[in-house]
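File shown: coords-v8.cif. Contents: mmCIF, C-alpha atoms.
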```cif
data_target
loop_
_atom_site.group_PDB
_atom_site.id
_atom_site.type_symbol
_atom_site.label_atom_id
_atom_site.label_comp_id
_atom_site.auth_asym_id
_atom_site.auth_seq_id
_atom_site.Cartn_x
_atom_site.Cartn_y
_atom_site.Cartn_z
ATOM 1 C CA MET A 1 -41.237 17.031 -33.475
ATOM 2 C CA LYS A 2 -39.081 13.985 -34.144
ATOM 3 C CA PRO A 3 -36.056 13.538 -31.903
ATOM 4 C CA THR A 4 -32.817 14.161 -33.798
ATOM 5 C CA LYS A 5 -29.717 11.953 -33.626
ATOM 6 C CA SER A 6 -27.839 14.526 -31.576
ATOM 7 C CA SER A 7 -30.666 15.004 -29.075
ATOM 8 C CA LEU A 8 -30.872 11.211 -28.657
ATOM 9 C CA SER A 9 -27.154 10.891 -27.927
ATOM 10 C CA ALA A 10 -27.399 13.809 -25.503
ATOM 11 C CA SER A 11 -30.205 12.113 -23.626
ATOM 12 C CA GLN A 12 -28.206 8.854 -23.546
ATOM 13 C CA SER A 13 -25.320 10.767 -22.050
ATOM 14 C CA ASP A 14 -27.654 12.364 -19.488
ATOM 15 C CA PHE A 15 -28.939 8.902 -18.648
ATOM 16 C CA ARG A 16 -25.408 7.630 -18.087
ATOM 17 C CA ILE A 17 -24.517 10.609 -15.907
ATOM 18 C CA GLN A 18 -27.738 10.353 -13.941
ATOM 19 C CA TYR A 19 -27.543 6.620 -13.272
ATOM 20 C CA LEU A 20 -23.832 5.868 -13.242
ATOM 21 C CA TYR A 21 -22.594 8.945 -11.441
ATOM 22 C CA PRO A 22 -23.883 7.907 -8.004
ATOM 23 C CA TYR A 23 -21.991 4.607 -8.271
ATOM 24 C CA PHE A 24 -18.787 6.361 -9.268
ATOM 25 C CA SER A 25 -19.312 8.798 -6.438
ATOM 26 C CA LEU A 26 -19.756 5.894 -4.005
ATOM 27 C CA PHE A 27 -16.603 4.219 -5.350
ATOM 28 C CA ALA A 28 -14.617 7.458 -4.930
ATOM 29 C CA ARG A 29 -15.920 7.896 -1.370
ATOM 30 C CA LEU A 30 -15.036 4.317 -0.415
ATOM 31 C CA LEU A 31 -11.587 4.499 -2.023
ATOM 32 C CA LEU A 32 -10.555 7.849 -0.537
ATOM 33 C CA GLY A 33 -12.205 7.168 2.801
ATOM 34 C CA GLY A 34 -10.671 3.698 3.019
ATOM 35 C CA LEU A 35 -7.194 4.976 2.188
ATOM 36 C CA PHE A 36 -7.342 7.717 4.794
ATOM 37 C CA LEU A 37 -8.762 5.352 7.393
ATOM 38 C CA TYR A 38 -5.963 2.848 6.745
ATOM 39 C CA ALA A 39 -3.203 5.491 6.610
ATOM 40 C CA GLY A 40 -4.443 7.127 9.817
ATOM 41 C CA ALA A 41 -4.692 3.822 11.695
ATOM 42 C CA ILE A 42 -1.152 2.756 10.716
ATOM 43 C CA LYS A 43 0.274 6.095 11.880
ATOM 44 C CA LEU A 44 -1.787 6.234 15.055
ATOM 45 C CA VAL A 45 -0.220 3.027 16.378
ATOM 46 C CA ASP A 46 3.291 4.362 15.764
ATOM 47 C CA MET A 47 3.113 8.105 16.436
ATOM 48 C CA GLN A 48 6.771 8.303 17.469
ATOM 49 C CA ASN A 49 8.107 7.228 14.084
ATOM 50 C CA PHE A 50 5.447 9.229 12.269
ATOM 51 C CA MET A 51 6.752 12.316 14.089
ATOM 52 C CA TYR A 52 10.279 11.598 12.813
ATOM 53 C CA ASP A 53 8.879 11.039 9.311
ATOM 54 C CA ILE A 54 7.357 14.545 9.449
ATOM 55 C CA GLU A 55 10.600 15.922 10.880
ATOM 56 C CA ASN A 56 12.541 14.586 7.873
ATOM 57 C CA TYR A 57 10.660 17.017 5.627
ATOM 58 C CA ARG A 58 12.285 19.911 7.557
ATOM 59 C CA LEU A 59 9.192 22.090 7.213
ATOM 60 C CA ILE A 60 7.643 22.041 10.700
ATOM 61 C CA PRO A 61 9.141 23.547 13.887
ATOM 62 C CA HIS A 62 10.143 20.909 16.458
ATOM 63 C CA SER A 63 7.759 22.305 19.083
ATOM 64 C CA VAL A 64 4.734 21.530 16.874
ATOM 65 C CA LEU A 65 5.827 18.031 15.778
ATOM 66 C CA PRO A 66 4.354 15.998 18.696
ATOM 67 C CA LEU A 67 0.987 17.776 18.439
ATOM 68 C CA LEU A 68 0.868 17.093 14.710
ATOM 69 C CA ALA A 69 1.933 13.453 15.096
ATOM 70 C CA ILE A 70 -0.833 12.873 17.661
ATOM 71 C CA SER A 71 -3.662 14.742 15.940
ATOM 72 C CA LEU A 72 -3.113 14.208 12.201
ATOM 73 C CA PRO A 73 -3.589 10.390 12.098
ATOM 74 C CA ALA A 74 -6.738 10.625 14.240
ATOM 75 C CA ILE A 75 -8.200 13.363 12.033
ATOM 76 C CA GLU A 76 -7.448 11.191 8.988
ATOM 77 C CA ILE A 77 -9.291 8.279 10.625
ATOM 78 C CA ILE A 78 -12.385 10.341 11.522
ATOM 79 C CA ALA A 79 -12.525 12.046 8.105
ATOM 80 C CA GLY A 80 -12.012 8.715 6.288
ATOM 81 C CA LEU A 81 -14.714 7.008 8.317
ATOM 82 C CA CYS A 82 -17.160 9.882 7.776
ATOM 83 C CA LEU A 83 -16.514 9.851 4.016
ATOM 84 C CA ILE A 84 -17.147 6.092 3.837
ATOM 85 C CA LEU A 85 -20.378 6.363 5.830
ATOM 86 C CA GLY A 86 -21.488 9.537 4.097
ATOM 87 C CA LEU A 87 -21.784 11.287 7.410
ATOM 88 C CA TRP A 88 -20.913 15.005 7.408
ATOM 89 C CA THR A 89 -19.693 14.218 3.907
ATOM 90 C CA GLU A 90 -18.884 17.765 2.894
ATOM 91 C CA GLY A 91 -16.797 18.357 6.015
ATOM 92 C CA ALA A 92 -14.943 15.060 5.536
ATOM 93 C CA LEU A 93 -14.320 15.883 1.874
ATOM 94 C CA THR A 94 -12.999 19.342 2.813
ATOM 95 C CA ILE A 95 -10.558 17.857 5.338
ATOM 96 C CA ILE A 96 -9.385 15.072 3.007
ATOM 97 C CA THR A 97 -8.908 17.410 0.033
ATOM 98 C CA THR A 98 -7.041 19.941 2.182
ATOM 99 C CA LEU A 99 -4.771 17.216 3.583
ATOM 100 C CA MET A 100 -4.027 15.886 0.096
ATOM 101 C CA VAL A 101 -3.077 19.371 -1.118
ATOM 102 C CA VAL A 102 -0.811 19.815 1.926
ATOM 103 C CA PHE A 103 0.807 16.385 1.363
ATOM 104 C CA ILE A 104 1.404 17.163 -2.317
ATOM 105 C CA ALA A 105 2.994 20.510 -1.395
ATOM 106 C CA ALA A 106 5.258 18.864 1.214
ATOM 107 C CA ILE A 107 6.359 16.061 -1.122
ATOM 108 C CA THR A 108 6.949 18.503 -3.996
ATOM 109 C CA SER A 109 9.091 20.626 -1.703
ATOM 110 C CA ALA A 110 11.083 17.560 -0.568
ATOM 111 C CA VAL A 111 11.656 16.418 -4.161
ATOM 112 C CA TRP A 112 12.613 19.977 -5.147
ATOM 113 C CA ARG A 113 15.210 20.147 -2.343
ATOM 114 C CA GLY A 114 16.614 16.721 -3.251
ATOM 115 C CA LEU A 115 15.768 15.179 0.144
ATOM 116 C CA ASP A 116 16.150 11.413 0.124
ATOM 117 C CA ILE A 117 13.599 10.535 2.791
ATOM 118 C CA SER A 118 10.814 8.037 3.344
ATOM 119 C CA CYS A 119 7.385 9.310 2.364
ATOM 120 C CA GLY A 120 5.770 8.299 5.658
ATOM 121 C CA CYS A 121 2.415 8.435 3.846
ATOM 122 C CA PHE A 122 1.398 5.090 5.312
ATOM 123 C CA GLY A 123 3.530 5.242 8.451
ATOM 124 C CA THR A 124 6.654 3.165 8.810
ATOM 125 C CA SER A 125 5.134 0.416 6.615
ATOM 126 C CA ASP A 126 5.745 2.745 3.668
ATOM 127 C CA ALA A 127 9.495 2.722 3.088
ATOM 128 C CA GLU A 128 9.133 4.269 -0.368
ATOM 129 C CA GLN A 129 11.301 7.348 -0.820
ATOM 130 C CA VAL A 130 9.625 10.601 -1.816
ATOM 131 C CA GLY A 131 9.656 11.057 -5.575
ATOM 132 C CA TRP A 132 7.626 11.588 -8.701
ATOM 133 C CA SER A 133 5.783 8.261 -8.420
ATOM 134 C CA ILE A 134 4.360 9.215 -5.023
ATOM 135 C CA LEU A 135 3.454 12.662 -6.312
ATOM 136 C CA LEU A 136 1.650 11.098 -9.268
ATOM 137 C CA ARG A 137 -0.272 8.785 -6.912
ATOM 138 C CA ASP A 138 -1.371 11.760 -4.803
ATOM 139 C CA TYR A 139 -2.440 13.761 -7.862
ATOM 140 C CA VAL A 140 -4.555 10.803 -9.047
ATOM 141 C CA LEU A 141 -6.218 10.631 -5.620
ATOM 142 C CA LEU A 142 -6.860 14.367 -5.761
ATOM 143 C CA LEU A 143 -8.444 13.942 -9.200
ATOM 144 C CA ILE A 144 -10.732 11.234 -7.819
ATOM 145 C CA ALA A 145 -12.006 13.765 -5.276
ATOM 146 C CA VAL A 146 -12.926 16.354 -7.930
ATOM 147 C CA PRO A 147 -16.231 14.752 -9.078
ATOM 148 C CA LEU A 148 -17.327 14.514 -5.442
ATOM 149 C CA TRP A 149 -17.025 18.298 -5.292
ATOM 150 C CA LEU A 150 -18.815 18.869 -8.603
ATOM 151 C CA ASN A 151 -21.925 16.872 -7.787
ATOM 152 C CA LYS A 152 -22.935 16.512 -4.171
ATOM 153 C CA LYS A 153 -26.179 14.626 -4.772
ATOM 154 C CA PRO A 154 -26.337 12.139 -1.878
ATOM 155 C CA PHE A 155 -26.234 8.410 -2.630
ATOM 156 C CA LEU A 156 -26.159 5.775 0.121
ATOM 157 C CA GLN A 157 -25.147 8.395 2.651
ATOM 158 C CA LEU A 158 -26.107 8.698 6.297
ATOM 159 C CA ASP A 159 -26.463 12.448 5.709
ATOM 160 C CA SER A 160 -29.611 11.929 3.592
ATOM 161 C CA LEU A 161 -31.051 9.572 6.228
ATOM 162 C CA ILE A 162 -30.562 12.240 8.892
ATOM 163 C CA VAL A 163 -32.158 14.910 6.682
ATOM 164 C CA ARG A 164 -35.179 12.654 6.006
ATOM 165 C CA THR A 165 -35.586 11.887 9.738
ATOM 166 C CA LYS A 166 -35.444 15.599 10.522
ATOM 167 C CA GLU A 167 -38.037 16.338 7.829
ATOM 168 C CA LYS A 168 -40.347 13.644 9.231
ATOM 169 C CA ASP A 169 -39.926 15.064 12.749
ATOM 170 C CA GLY A 170 -40.729 18.515 11.321
ATOM 171 C CA ASN A 171 -43.981 17.259 9.796
ATOM 172 C CA MET B 1 -14.706 16.434 13.111
ATOM 173 C CA VAL B 2 -11.336 18.032 13.911
ATOM 174 C CA VAL B 3 -12.277 18.126 17.605
ATOM 175 C CA ALA B 4 -13.261 14.441 17.439
ATOM 176 C CA GLY B 5 -9.907 13.733 15.804
ATOM 177 C CA LEU B 6 -8.020 15.597 18.512
ATOM 178 C CA LEU B 7 -9.931 13.720 21.228
ATOM 179 C CA LEU B 8 -9.205 10.384 19.535
ATOM 180 C CA GLY B 9 -5.525 11.204 19.032
ATOM 181 C CA PHE B 10 -4.893 12.406 22.563
ATOM 182 C CA GLY B 11 -7.032 9.577 23.980
ATOM 183 C CA VAL B 12 -5.050 6.898 22.156
ATOM 184 C CA ASN B 13 -1.780 8.578 23.159
ATOM 185 C CA ALA B 14 -2.827 8.725 26.817
ATOM 186 C CA LEU B 15 -3.741 5.023 26.832
ATOM 187 C CA SER B 16 -0.636 3.960 24.916
ATOM 188 C CA PRO B 17 2.033 2.051 26.911
ATOM 189 C CA ASN B 18 4.667 4.340 25.334
ATOM 190 C CA PRO B 19 2.903 7.696 24.975
ATOM 191 C CA LEU B 20 4.462 10.348 22.774
ATOM 192 C CA SER B 21 5.759 13.245 24.847
ATOM 193 C CA LEU B 22 4.172 16.609 24.086
ATOM 194 C CA THR B 23 7.611 18.185 24.167
ATOM 195 C CA TYR B 24 9.798 17.188 21.242
ATOM 196 C CA GLN B 25 12.371 14.475 21.979
ATOM 197 C CA PRO B 26 15.091 14.132 19.340
ATOM 198 C CA ARG B 27 15.519 10.787 17.659
ATOM 199 C CA VAL B 28 17.853 8.496 19.521
ATOM 200 C CA THR B 29 20.369 7.197 17.036
ATOM 201 C CA PRO B 30 21.043 3.617 18.104
ATOM 202 C CA GLU B 31 24.577 3.599 16.752
ATOM 203 C CA THR B 32 26.985 6.303 15.711
ATOM 204 C CA TRP B 33 29.120 4.967 12.920
ATOM 205 C CA PRO B 34 32.620 6.236 12.186
ATOM 206 C CA SER B 35 32.440 8.414 9.117
ATOM 207 C CA VAL B 36 34.754 9.243 6.245
ATOM 208 C CA THR B 37 35.092 12.580 4.495
ATOM 209 C CA LEU B 38 35.128 13.294 0.764
ATOM 210 C CA GLU B 39 38.933 13.554 0.779
ATOM 211 C CA GLN B 40 39.283 10.199 2.543
ATOM 212 C CA MET B 41 36.831 8.693 0.053
ATOM 213 C CA GLN B 42 38.957 9.960 -2.831
ATOM 214 C CA GLU B 43 42.012 8.276 -1.309
ATOM 215 C CA PHE B 44 40.146 5.008 -0.772
ATOM 216 C CA VAL B 45 38.905 5.035 -4.371
ATOM 217 C CA ALA B 46 42.371 5.859 -5.751
ATOM 218 C CA GLU B 47 44.059 3.136 -3.688
ATOM 219 C CA GLY B 48 41.232 0.630 -4.014
ATOM 220 C CA SER B 49 41.693 -0.032 -0.307
ATOM 221 C CA ALA B 50 38.028 -0.096 0.727
ATOM 222 C CA LEU B 51 34.791 -1.617 -0.455
ATOM 223 C CA PHE B 52 31.850 0.687 -1.097
ATOM 224 C CA ILE B 53 28.264 -0.312 -0.399
ATOM 225 C CA ASP B 54 25.484 1.683 -2.028
ATOM 226 C CA ALA B 55 22.398 1.445 0.204
ATOM 227 C CA ARG B 56 20.022 3.161 -2.236
ATOM 228 C CA ASN B 57 17.323 1.506 -4.305
ATOM 229 C CA PRO B 58 18.444 -0.366 -7.460
ATOM 230 C CA GLU B 59 16.907 2.290 -9.763
ATOM 231 C CA ASP B 60 19.031 5.043 -8.179
ATOM 232 C CA PHE B 61 22.088 2.788 -8.213
ATOM 233 C CA GLU B 62 21.613 2.153 -11.940
ATOM 234 C CA LYS B 63 21.516 5.897 -12.605
ATOM 235 C CA GLY B 64 24.965 6.341 -11.081
ATOM 236 C CA HIS B 65 27.163 5.102 -8.255
ATOM 237 C CA ILE B 66 30.677 5.280 -6.875
ATOM 238 C CA LEU B 67 33.125 3.247 -8.958
ATOM 239 C CA ASN B 68 33.019 -0.479 -8.074
ATOM 240 C CA ALA B 69 30.358 0.039 -5.421
ATOM 241 C CA ILE B 70 28.096 -2.901 -4.581
ATOM 242 C CA ASN B 71 24.361 -2.308 -4.341
ATOM 243 C CA LEU B 72 22.788 -3.519 -1.078
ATOM 244 C CA PRO B 73 19.473 -1.635 -0.945
ATOM 245 C CA SER B 74 18.088 -1.157 2.538
ATOM 246 C CA ASP B 75 14.583 -2.093 1.344
ATOM 247 C CA PHE B 76 15.696 -5.454 -0.077
ATOM 248 C CA PHE B 77 18.744 -6.141 2.097
ATOM 249 C CA GLY B 78 18.069 -9.858 2.715
ATOM 250 C CA GLU B 79 17.476 -10.628 -0.954
ATOM 251 C CA TYR B 80 20.623 -8.824 -2.175
ATOM 252 C CA PHE B 81 22.800 -9.999 0.703
ATOM 253 C CA MET B 82 22.057 -13.621 -0.253
ATOM 254 C CA GLU B 83 23.717 -12.926 -3.616
ATOM 255 C CA VAL B 84 26.765 -10.878 -2.640
ATOM 256 C CA GLY B 85 27.148 -11.296 1.122
ATOM 257 C CA GLU B 86 29.483 -14.299 1.039
ATOM 258 C CA GLY B 87 32.072 -12.411 -0.988
ATOM 259 C CA LEU B 88 32.282 -9.429 1.320
ATOM 260 C CA PRO B 89 35.305 -9.131 3.622
ATOM 261 C CA ARG B 90 34.247 -9.469 7.269
ATOM 262 C CA GLN B 91 37.006 -7.305 8.747
ATOM 263 C CA GLU B 92 40.079 -7.178 6.500
ATOM 264 C CA ILE B 93 39.228 -3.985 4.642
ATOM 265 C CA PRO B 94 36.796 -1.185 5.507
ATOM 266 C CA LEU B 95 33.241 -1.397 4.216
ATOM 267 C CA ILE B 96 32.018 2.132 3.540
ATOM 268 C CA VAL B 97 28.276 2.514 3.225
ATOM 269 C CA TYR B 98 26.582 5.502 1.610
ATOM 270 C CA CYS B 99 23.154 6.541 0.382
ATOM 271 C CA GLN B 100 21.898 9.679 -1.380
ATOM 272 C CA GLY B 101 23.304 12.112 1.178
ATOM 273 C CA ASP B 102 22.409 13.765 4.431
ATOM 274 C CA PRO B 103 19.607 13.304 5.422
ATOM 275 C CA CYS B 104 19.078 9.716 4.349
ATOM 276 C CA ASP B 105 18.595 6.771 6.644
ATOM 277 C CA GLN B 106 19.301 3.868 4.267
ATOM 278 C CA SER B 107 23.031 3.704 5.173
ATOM 279 C CA HIS B 108 22.185 3.374 8.872
ATOM 280 C CA ILE B 109 19.734 0.553 8.171
ATOM 281 C CA VAL B 110 22.272 -1.350 6.050
ATOM 282 C CA LEU B 111 25.036 -0.773 8.630
ATOM 283 C CA ASP B 112 22.779 -2.183 11.363
ATOM 284 C CA HIS B 113 22.100 -5.260 9.209
ATOM 285 C CA LEU B 114 25.798 -5.759 8.390
ATOM 286 C CA LYS B 115 26.769 -5.488 12.038
ATOM 287 C CA ALA B 116 24.078 -7.994 12.961
ATOM 288 C CA VAL B 117 25.549 -10.576 10.553
ATOM 289 C CA GLY B 118 29.082 -10.190 11.896
ATOM 290 C CA PHE B 119 30.828 -7.423 9.945
ATOM 291 C CA THR B 120 33.081 -5.242 12.088
ATOM 292 C CA ASN B 121 35.067 -2.861 9.890
ATOM 293 C CA LEU B 122 32.101 -0.621 9.080
ATOM 294 C CA TRP B 123 32.141 3.038 8.073
ATOM 295 C CA ILE B 124 29.660 5.567 6.776
ATOM 296 C CA TYR B 125 30.083 8.228 4.093
ATOM 297 C CA LEU B 126 27.570 10.889 5.119
ATOM 298 C CA GLY B 127 28.064 13.090 2.059
ATOM 299 C CA GLY B 128 26.630 10.254 -0.008
ATOM 300 C CA TRP B 129 25.935 10.245 -3.718
ATOM 301 C CA ASN B 130 24.898 13.928 -3.692
ATOM 302 C CA GLU B 131 28.325 15.118 -2.559
ATOM 303 C CA TRP B 132 30.253 12.528 -4.587
ATOM 304 C CA SER B 133 28.444 13.217 -7.872
ATOM 305 C CA ARG B 134 28.850 16.981 -7.359
ATOM 306 C CA HIS B 135 32.578 16.446 -6.930
ATOM 307 C CA GLU B 136 32.707 14.139 -9.961
ATOM 308 C CA THR B 137 31.087 16.678 -12.255
ATOM 309 C CA ASN B 138 33.436 19.511 -11.132
#
```
In structure tokens, how does this file's structure come out?
Amino acid sequence: MKPTKSSLSASQSDFRIQYLYPYFSLFARLLLGGLFLYAGAIKLVDMQNFMYDIENYRLIPHSVLPLLAISLPAIEIIAGLCLILGLWTEGALTIITTLMVVFIAAITSAVWRGLDISCGCFGTSDAEQVGWSILLRDYVLLLIAVPLWLNKKPFLQLDSLIVRTKEKDGN
Amino acid sequence: MVVAGLLLGFGVNALSPNPLSLTYQPRVTPETWPSVTLEQMQEFVAEGSALFIDARNPEDFEKGHILNAINLPSDFFGEYFMEVGEGLPRQEIPLIVYCQGDPCDQSHIVLDHLKAVGFTNLWIYLGGWNEWSRHETN
């Protein structure tokens, strides 16, 4: 049976998905991981001001603020690093996606209430006020994470190296 | 991963020269500026006896501002001050700084800058553009 035009274009599309997807996936991992690593590091060196940035949102009780200001940047750093290296990738992706959803909810709430406050997304270096542009940026980042969820085939990840080592040890 | 994050966070905090206290300490406001109320603002505007500084970003200023206010955005203070700073009265009439409304920190930043370059008759309008524009539309 001769291949039809439509079956040819379908196979070309499969080819593109099969060969290009891993590179896009790597790009998304490096971008998201790098951003979280950078954002976490900036906040970790200035926890005091990060705490006041969170306080400005008026969503978190005062008693919890120091704990959050100490732990959140460090969790961002670990998750970002793991996503870049492809180590415990699924866990890192879960944490990063959850944090992005929480950030979007907090910023939406601040915009909704008309609060004129600094975003604090990248610590005190980020003097940008919360608004639609920041929300749009966060939604774009969230969109970049979606393909990572849809196809979890490992590519240049430490996870696959660990699995292979375990399999070898098993044999 | 969360446990590793907690260990890293608390480790860095413990080694920091200025560790963050685990009990919440309110922000120390370096300067408390004398403030004006909406009624006082209305008088100042009617008499033209004060100068108003809008500390918000230029885009917000363009959307609306108090009549005759000068835009000195906190994010670009140096750049804007170079253009309008020379013409501002140092102490003769009150300079009243406002931003969007409570809570906003841009007025405080601009007031700190103005004090640092020698201005003395400085005031803050805490109600800001939110309160003023509400009043204007009523």
Where does the PyMOL selection byres ((chain A) within 8 of (chain B)) land in this file, that is, which residues does it pick, as number ranges by chain? A: 44, 47-48, 52, 56, 62-67, 70-79, 91-92, 115-117, 127
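Of the listed residues (B:Asn68, B:Lys63, B:His108, B:Gly87), B:Asn68 comes nearest to Ser49 (chain B); the distances count all atoms listed in the file.
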Starting from the displayed file, determine the output of the PyMOL selection byres ((chain B and resi 51-54) around 9) and express the residue list as number ranges by chain. B: 44-45, 48-50, 55-57, 61, 65-73, 88-89, 93-100, 107, 110, 128-129
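Reported to one decimal place, the separation of CA of Asp46 (chain A) from CA of Ala106 (chain A) is 20.6 Å.
CA of Trp88 (chain A) sits 10.1 Å away from CA of Ile162 (chain A).
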